[in-house]
2 protein chains.
Amino acid sequence: MQNERRLAVLRAIVEDYVATEEPVGSKALVERHGLGVSPATVRNDMAALEEEGYIAQPHTSAGRVPTDKGYRLFVDRLTTVKPMSAAEKRAIASFMAGAVDLDDVVQRSVRLLSQLTRQVAVVQYPTLSRSTVRHIELVALAPNRLLAVLILSTGRVEQRLVELPEPIDEDALADLRNLINRAAVGEVIADAVTALGRLVAQQPGSQAGAAVVETLVDAMSDHRSDERVAVGGTSNLARYGDSFETAVRPLLEALEEHVVLLKLMGEATAGGLVTVRIGAEGPYQELAQTSVVATGYGPRDEALATLGIVGPTRMDYPGTMAAVRAVARYLSRILDEA
Amino acid sequence: MQNERRLAVLRAIVEDYVATEEPVGSKALVERHGLGVSPATVRNDMAALEEEGYIAQPHTSAGRVPTDKGYRLFVDRLTTVKPMSAAEKRAIASFMAGAVDLDDVVQRSVRLLSQLTRQVAVVQYPTLSRSTVRHIELVALAPNRLLAVLILSTGRVEQRLVELPEPIDEDALADLRNLINRAAVGEVIADAVTALGRLVAQQPGSQAGAAVVETLVDAMSDHRSDERVAVGGTSNLARYGDSFETAVRPLLEALEEHVVLLKLMGEATAGGLVTVRIGAEGPYQELAQTSVVATGYGPRDEALATLGIVGPTRMDYPGTMAAVRAVARYLSRILDEA
DNA sequence: GATTGGCACTCACCGGGAACGAGTGCCAGT
DNA sequence: ACTGGCACTCGTTCCCGGTGAGTGCCAATC
């Protein structure tokens, strides 16, 4: 891939195909983009591009369509990230303003992202693993039953019922609460788990304490809760038009299996870097027709969790990447403030 | 509608059409169901049924298809609720066992319901309005900033940040916590709101208290949180086959608009009563091709919230109704215990 | 009066063929 | 290296006749 014009032709093909959804021919190309050469010349370039695997034709006597490899080259070398306009930025800000809690923030983000990109948006809730304990509350519901509430730095709240082997009175409960909070508050989850373990080892007497700690440790190491995601904009799937059995069904299934979904989104990347997975590059061959545009987010650009969109390989990559990055940035900023 | 056999014919048509997805003709009818009469007789009955609007033919020389009115008669008079088998009951119980919190319970319910019915399942979270306050916790995050956590009888937890106009110390916070809890715990939301209001009126001094109460009252009367629903089984939409623009897109859109969705599900009905809305009977004409099977659930059969499925008018109503009822019953029982 | 067998009729659903046209590859000329 | 010309491919569309499922009606039967 050296020839300059060939790249221009590839770019033009991608842009046209994304816009029209139809295989693009040499004539239409020179007309719509000011390539300054004749269709025949473009045809030669197209033959070369096809030879190298960047484009393909669905059948003889049809125009060309970008392959996964073609899209890949396009996003790697032919795309300049277009920054969001001031109006768009304002729209984002006003959309996110007024969120009351973490749930709300995440919900708004998916919605925003799906509207900006007109694709299915996915936002993972901030992982437990790297957040710190802000407070642990124990609420007596009955003499031998209490509710443990775990409040994390990201604003996440986990709650668990604890059945006690023996009743506990208010004073003992207050002591326990102090003890636990002193050990865990401010610690990263992993450290909090070990600190709480040590606590039990030091005080073999308290059965109630042991039960509470067990539940807390359980909640902290529950990786299921790392799998929480919010999904939005599924109605955009209706635009897939053809190929329902082959594209939409597996995607809908993936969207319900959060583990699968998170694997699909891939590792969260920090610092404004947006990951693009095109078609068969992803881990599931049933989803060979879908691409993922994702990035990480979190306070102080820490990539606590992933966020992004899932859509057909035929999509507006530059615009989508810009939107994903912008939303991740706003979301991170909000977590910074909280 | 008096003739006994005509009803049998209608029932047979509905059952066959639901099973085969194809317009059913007179000959196939007498063959598959032991009607004991000739096709010609059935044709006469069918002509009468069509006259009365219970069935229709897509075009001349095609079989008959039930109309909304036909389905309506079918579910009203021709259907006997088939109880779940023991195996199914066991499957349900094991599926729901081991849920750790309210979120988890609701998630499992949607999943279960969508698998049982092979339709899109919807479960509304228990409404705030009729639940009682179990505990209110105030956690100091900074001298002039605290987190208010509202724990309700259904297991729901709402949390809000409160910015204080002036710093507050630990003792004052403890006092405030006691005061608030004494006023609100055990009360229904509406009563708790008035009780808290009275509290502020009696103690005009405390600005911090006023701020906290304001936030709490706000959270309690926030009707947005009544609109929380969980949706599952969307991949079953892929089975719609034809009619994507007309049926699937509006449905996907409705599923994202929780307000719309709840209106669609209708009023929650208690006591094992299952509501069926067929096609155009619902409030949205874009969803004229979809039916809703729903019921209420809640502790002590109180209908705190709605749960059900959304699917094509052409569905297995008896089986679906049984599944919806069974899941609602289990869910209610779990809330009873909590 | 209800039921039935017979029969003509309708009409969606193929399958095949012809016309069309977008798009290509190649080649000779500039 | 580019371009105009040209033959060729092949999917798409339209038309058309055959087929068959299903109907409505009628006269005959129980």
# chains A, B, ... in the order shown; residues from 1 in each chain; ligands from 1

$ closest_atom_pairs --of "chain C" --to "chain A" --cutoff "9 Å" --atoms "only C-alpha atoms (C1' of nucleotides)" --output "tab-separated table"
residue	atom	partner	partner_atom	distance
C:DA22	C1'	A:Ser61	CA	7.0
C:DG23	C1'	A:Ser61	CA	4.6
C:DT24	C1'	A:Ser61	CA	5.6
C:DG25	C1'	A:Arg43	CA	8.8

$ write_last_selection --atoms "N, CA and C atoms (P, O5', C5', C4', C3', O3' and C1' of nucleotides)" --output "PDB file, in the first residue's frame"
ATOM      1  P    DA C  22     -28.063   1.810 -15.395  1.00  0.00           P
ATOM      2  O5'  DA C  22     -27.207   1.614 -14.068  1.00  0.00           O
ATOM      3  C5'  DA C  22     -27.704   0.728 -13.064  1.00  0.00           C
ATOM      4  C4'  DA C  22     -26.577  -0.164 -12.594  1.00  0.00           C
ATOM      5  C3'  DA C  22     -25.228   0.552 -12.486  1.00  0.00           C
ATOM      6  O3'  DA C  22     -24.630   0.204 -11.262  1.00  0.00           O
ATOM      7  C1'  DA C  22     -25.026  -1.380 -13.842  1.00  0.00           C
ATOM      8  P    DG C  23     -23.373   1.004 -10.754  1.00  0.00           P
ATOM      9  O5'  DG C  23     -22.197   0.046 -11.190  1.00  0.00           O
ATOM     10  C5'  DG C  23     -22.135  -1.251 -10.603  1.00  0.00           C
ATOM     11  C4'  DG C  23     -21.141  -2.061 -11.372  1.00  0.00           C
ATOM     12  C3'  DG C  23     -19.815  -1.319 -11.619  1.00  0.00           C
ATOM     13  O3'  DG C  23     -18.759  -1.931 -10.896  1.00  0.00           O
ATOM     14  C1'  DG C  23     -20.579  -2.500 -13.544  1.00  0.00           C
ATOM     15  P    DT C  24     -17.260  -1.442 -11.061  1.00  0.00           P
ATOM     16  O5'  DT C  24     -16.563  -2.677 -11.748  1.00  0.00           O
ATOM     17  C5'  DT C  24     -17.047  -3.986 -11.470  1.00  0.00           C
ATOM     18  C4'  DT C  24     -16.568  -4.933 -12.537  1.00  0.00           C
ATOM     19  C3'  DT C  24     -15.102  -4.743 -12.895  1.00  0.00           C
ATOM     20  O3'  DT C  24     -14.353  -5.899 -12.533  1.00  0.00           O
ATOM     21  C1'  DT C  24     -16.482  -4.850 -14.853  1.00  0.00           C
ATOM     22  P    DG C  25     -12.791  -5.760 -12.446  1.00  0.00           P
ATOM     23  O5'  DG C  25     -12.304  -6.346 -13.851  1.00  0.00           O
ATOM     24  C5'  DG C  25     -12.859  -7.560 -14.331  1.00  0.00           C
ATOM     25  C4'  DG C  25     -12.270  -7.869 -15.691  1.00  0.00           C
ATOM     26  C3'  DG C  25     -10.779  -7.571 -15.837  1.00  0.00           C
ATOM     27  O3'  DG C  25     -10.181  -8.630 -16.583  1.00  0.00           O
ATOM     28  C1'  DG C  25     -12.013  -6.256 -17.389  1.00  0.00           C
TER      29       DG C  25
END

$ select_by_dssp --residues "region 48-262 of chain A" --states "helix (DSSP H, G or I)" --output "ChimeraX atom specification"
/A:48-51,68-77,86-96,102-117,170-184,189-202,207-220,223-227,234-240,244-256,258-262

$ interface_residues --of "chain B" --to "chain A" --cutoff "9 Å" --atoms "only C-alpha atoms" --output "ChimeraX atom specification"
/B:100-101,134-135,137,139-141,157-161,232-239,241,244-245,248-256,338

$ select_by_dssp --residues "region 42-235 of chain B" --states "strand (DSSP E or B)" --output "JSON, numbers by chain"
{"B": [55, 56, 64, 65, 66, 120, 121, 122, 123, 124, 132, 133, 134, 135, 136, 137, 138, 139, 140, 141, 142, 145, 146, 147, 148, 149, 150, 151, 152, 157, 158, 159, 160, 161, 162, 163, 188, 229, 230, 231, 232]}

$ closest_atom_pairs --of "chain D" --to "chain B" --cutoff "9 Å" --atoms "only C-alpha atoms (C1' of nucleotides)" --output "JSON lines"
{"residue": "D:DA21", "atom": "C1'", "partner": "B:Ser61", "partner_atom": "CA", "distance": 7.2}
{"residue": "D:DG22", "atom": "C1'", "partner": "B:Ser61", "partner_atom": "CA", "distance": 4.7}
{"residue": "D:DT23", "atom": "C1'", "partner": "B:Ser61", "partner_atom": "CA", "distance": 5.5}
{"residue": "D:DG24", "atom": "C1'", "partner": "B:Arg43", "partner_atom": "CA", "distance": 8.9}

$ write_last_selection --atoms "C-alpha atoms (C1' of nucleotides)" --output "mmCIF file, in the first residue's frame"
data_model
loop_
_atom_site.group_PDB
_atom_site.id
_atom_site.type_symbol
_atom_site.label_atom_id
_atom_site.label_comp_id
_atom_site.auth_asym_id
_atom_site.auth_seq_id
_atom_site.Cartn_x
_atom_site.Cartn_y
_atom_site.Cartn_z
ATOM 1 C "C1'" DA D 21 -54.907 -25.036 -1.833
ATOM 2 C "C1'" DG D 22 -58.908 -23.286 -0.446
ATOM 3 C "C1'" DT D 23 -63.351 -21.285 -0.989
ATOM 4 C "C1'" DG D 24 -68.545 -20.554 -1.962
#

$ residues_around --residues "DG21 (chain C)" --least-positions-apart "2" --cutoff "10 Å" --atoms "only C-alpha atoms (C1' of nucleotides)" --output "VMD selection string"
(chain C and resid 19 23) or (chain D and resid 11 to 12)

$ write_last_selection --atoms "N, CA and C atoms (P, O5', C5', C4', C3', O3' and C1' of nucleotides)" --output "short mmCIF file (atom, residue, chain, number, x, y, z; two decimals), in the first residue's frame"
data_model
loop_
_atom_site.label_atom_id
_atom_site.label_comp_id
_atom_site.auth_asym_id
_atom_site.auth_seq_id
_atom_site.Cartn_x
_atom_site.Cartn_y
_atom_site.Cartn_z
P DA C 19 -36.11 -10.24 -25.72
"O5'" DA C 19 -36.08 -8.94 -24.80
"C5'" DA C 19 -37.30 -8.49 -24.21
"C4'" DA C 19 -36.98 -7.42 -23.18
"C3'" DA C 19 -35.88 -6.46 -23.62
"O3'" DA C 19 -36.24 -5.13 -23.26
"C1'" DA C 19 -35.28 -7.48 -21.58
P DG C 23 -23.37 1.00 -10.75
"O5'" DG C 23 -22.20 0.05 -11.19
"C5'" DG C 23 -22.13 -1.25 -10.60
"C4'" DG C 23 -21.14 -2.06 -11.37
"C3'" DG C 23 -19.82 -1.32 -11.62
"O3'" DG C 23 -18.76 -1.93 -10.90
"C1'" DG C 23 -20.58 -2.50 -13.54
P DG D 11 -25.36 -13.40 -10.22
"O5'" DG D 11 -26.29 -12.44 -9.36
"C5'" DG D 11 -25.75 -11.22 -8.87
"C4'" DG D 11 -26.74 -10.10 -9.07
"C3'" DG D 11 -28.13 -10.37 -8.50
"O3'" DG D 11 -28.57 -9.21 -7.81
"C1'" DG D 11 -28.30 -9.80 -10.80
P DT D 12 -29.92 -9.29 -6.98
"O5'" DT D 12 -30.92 -8.46 -7.89
"C5'" DT D 12 -30.48 -7.26 -8.50
"C4'" DT D 12 -31.60 -6.68 -9.33
"C3'" DT D 12 -33.01 -6.98 -8.81
"O3'" DT D 12 -33.76 -5.77 -8.81
"C1'" DT D 12 -32.84 -7.60 -11.08
#

$ residues_around --residues "DG17 (chain C)" --least-positions-apart "4" --cutoff "12 Å" --atoms "only C-alpha atoms (C1' of nucleotides)" --output "NGL selection string"
:D and (14-17)

$ residues_around --residues "Leu73 (chain B)" --least-positions-apart "2" --cutoff "12 Å" --atoms "only C-alpha atoms (C1' of nucleotides)" --output "PDB file with N, CA and C atoms, in the first residue's frame"
ATOM      1  N   MET B   1     -73.205 -16.089  19.280  1.00  0.00           N
ATOM      2  CA  MET B   1     -72.314 -17.227  19.541  1.00  0.00           C
ATOM      3  C   MET B   1     -72.965 -18.261  20.454  1.00  0.00           C
ATOM      4  N   ARG B   6     -69.334 -24.494  16.548  1.00  0.00           N
ATOM      5  CA  ARG B   6     -68.619 -23.339  16.022  1.00  0.00           C
ATOM      6  C   ARG B   6     -67.490 -22.913  16.943  1.00  0.00           C
ATOM      7  N   LEU B   7     -67.794 -22.949  18.233  1.00  0.00           N
ATOM      8  CA  LEU B   7     -66.751 -22.609  19.193  1.00  0.00           C
ATOM      9  C   LEU B   7     -65.583 -23.576  19.081  1.00  0.00           C
ATOM     10  N   ALA B   8     -65.922 -24.853  18.920  1.00  0.00           N
ATOM     11  CA  ALA B   8     -64.863 -25.852  18.779  1.00  0.00           C
ATOM     12  C   ALA B   8     -64.021 -25.547  17.546  1.00  0.00           C
ATOM     13  N   LEU B  10     -63.558 -22.593  16.162  1.00  0.00           N
ATOM     14  CA  LEU B  10     -62.725 -21.433  16.455  1.00  0.00           C
ATOM     15  C   LEU B  10     -61.510 -21.844  17.277  1.00  0.00           C
ATOM     16  N   ARG B  11     -61.766 -22.642  18.311  1.00  0.00           N
ATOM     17  CA  ARG B  11     -60.657 -23.081  19.144  1.00  0.00           C
ATOM     18  C   ARG B  11     -59.626 -23.807  18.284  1.00  0.00           C
ATOM     19  N   VAL B  14     -57.596 -21.403  16.196  1.00  0.00           N
ATOM     20  CA  VAL B  14     -56.593 -20.685  16.981  1.00  0.00           C
ATOM     21  C   VAL B  14     -55.408 -21.597  17.286  1.00  0.00           C
ATOM     22  N   LEU B  49     -68.418 -17.671  11.283  1.00  0.00           N
ATOM     23  CA  LEU B  49     -67.436 -17.068  12.183  1.00  0.00           C
ATOM     24  C   LEU B  49     -66.828 -15.812  11.553  1.00  0.00           C
ATOM     25  N   GLU B  52     -69.201 -12.941  11.720  1.00  0.00           N
ATOM     26  CA  GLU B  52     -69.253 -12.320  13.047  1.00  0.00           C
ATOM     27  C   GLU B  52     -67.941 -11.656  13.450  1.00  0.00           C
ATOM     28  N   GLY B  53     -66.924 -11.807  12.605  1.00  0.00           N
ATOM     29  CA  GLY B  53     -65.682 -11.087  12.870  1.00  0.00           C
ATOM     30  C   GLY B  53     -64.662 -11.804  13.731  1.00  0.00           C
ATOM     31  N   TYR B  54     -64.831 -13.086  13.933  1.00  0.00           N
ATOM     32  CA  TYR B  54     -63.875 -13.809  14.772  1.00  0.00           C
ATOM     33  C   TYR B  54     -62.664 -14.300  13.996  1.00  0.00           C
ATOM     34  N   ILE B  55     -62.860 -14.519  12.705  1.00  0.00           N
ATOM     35  CA  ILE B  55     -61.728 -14.929  11.885  1.00  0.00           C
ATOM     36  C   ILE B  55     -61.746 -14.132  10.582  1.00  0.00           C
ATOM     37  N   PRO B  66     -57.261 -16.165  12.944  1.00  0.00           N
ATOM     38  CA  PRO B  66     -58.083 -15.537  13.984  1.00  0.00           C
ATOM     39  C   PRO B  66     -57.886 -14.023  13.971  1.00  0.00           C
ATOM     40  N   THR B  67     -58.939 -13.281  14.220  1.00  0.00           N
ATOM     41  CA  THR B  67     -58.808 -11.841  14.422  1.00  0.00           C
ATOM     42  C   THR B  67     -58.565 -11.578  15.907  1.00  0.00           C
ATOM     43  N   ASP B  68     -58.309 -10.314  16.239  1.00  0.00           N
ATOM     44  CA  ASP B  68     -58.178  -9.964  17.647  1.00  0.00           C
ATOM     45  C   ASP B  68     -59.415 -10.419  18.413  1.00  0.00           C
ATOM     46  N   LYS B  69     -60.556 -10.174  17.805  1.00  0.00           N
ATOM     47  CA  LYS B  69     -61.813 -10.545  18.450  1.00  0.00           C
ATOM     48  C   LYS B  69     -61.884 -12.059  18.668  1.00  0.00           C
ATOM     49  N   GLY B  70     -61.354 -12.805  17.694  1.00  0.00           N
ATOM     50  CA  GLY B  70     -61.321 -14.259  17.826  1.00  0.00           C
ATOM     51  C   GLY B  70     -60.447 -14.705  18.984  1.00  0.00           C
ATOM     52  N   TYR B  71     -59.263 -14.123  19.070  1.00  0.00           N
ATOM     53  CA  TYR B  71     -58.372 -14.453  20.183  1.00  0.00           C
ATOM     54  C   TYR B  71     -59.040 -14.111  21.503  1.00  0.00           C
ATOM     55  N   VAL B  75     -59.503 -16.629  24.591  1.00  0.00           N
ATOM     56  CA  VAL B  75     -58.971 -16.578  25.958  1.00  0.00           C
ATOM     57  C   VAL B  75     -60.097 -16.427  26.977  1.00  0.00           C
ATOM     58  N   ASP B  76     -61.192 -15.784  26.600  1.00  0.00           N
ATOM     59  CA  ASP B  76     -62.262 -15.580  27.569  1.00  0.00           C
ATOM     60  C   ASP B  76     -63.057 -16.855  27.840  1.00  0.00           C
ATOM     61  N   ARG B  77     -63.320 -17.621  26.788  1.00  0.00           N
ATOM     62  CA  ARG B  77     -64.263 -18.716  26.993  1.00  0.00           C
ATOM     63  C   ARG B  77     -63.742 -20.096  26.625  1.00  0.00           C
ATOM     64  N   LEU B  78     -62.692 -20.129  25.842  1.00  0.00           N
ATOM     65  CA  LEU B  78     -62.321 -21.438  25.312  1.00  0.00           C
ATOM     66  C   LEU B  78     -61.074 -22.009  25.943  1.00  0.00           C
ATOM     67  N   THR B  79     -60.577 -21.326  26.931  1.00  0.00           N
ATOM     68  CA  THR B  79     -59.282 -21.711  27.447  1.00  0.00           C
ATOM     69  C   THR B  79     -59.407 -22.160  28.894  1.00  0.00           C
ATOM     70  N   VAL B 276     -55.042  -9.995  29.940  1.00  0.00           N
ATOM     71  CA  VAL B 276     -54.574 -10.209  28.569  1.00  0.00           C
ATOM     72  C   VAL B 276     -55.069  -9.071  27.702  1.00  0.00           C
ATOM     73  N   ILE B 278     -55.050  -7.866  23.832  1.00  0.00           N
ATOM     74  CA  ILE B 278     -54.797  -8.432  22.512  1.00  0.00           C
ATOM     75  C   ILE B 278     -54.760  -7.337  21.458  1.00  0.00           C
ATOM     76  N   TYR B 317     -51.642 -18.497  24.241  1.00  0.00           N
ATOM     77  CA  TYR B 317     -52.167 -17.779  25.408  1.00  0.00           C
ATOM     78  C   TYR B 317     -52.275 -18.647  26.666  1.00  0.00           C
TER      79      TYR B 317
END

$ residues_around --residues "Gly271 (chain B)" --least-positions-apart "6" --cutoff "9 Å" --atoms "only C-alpha atoms (C1' of nucleotides)" --output "list in words"
Thr295, Gly296, Tyr297, Asp301, Glu302 and Ala303 of chain B

$ residues_around --residues "DC26 (chain D)" --least-positions-apart "2" --cutoff "12 Å" --atoms "only C-alpha atoms (C1' of nucleotides)" --output "ChimeraX atom specification"
/C:4-8 /D:24,28

$ atom_distance --atom1 "CA of Gln124 (chain B)" --atom2 "CA of Ala230 (chain B)"
6.3 Å

$ atom_distance --atom1 "CA of Thr320 (chain B)" --atom2 "CA of Leu335 (chain B)"
22.6 Å

$ atom_distance --atom1 "CA of Asp218 (chain B)" --atom2 "CA of Arg177 (chain B)"
17.3 Å

$ closest_residue --among "B:Ile92, B:Leu199, B:Leu164, B:Val9" --to "Thr41 (chain B)" --atoms "only C-alpha atoms"
B:Val9
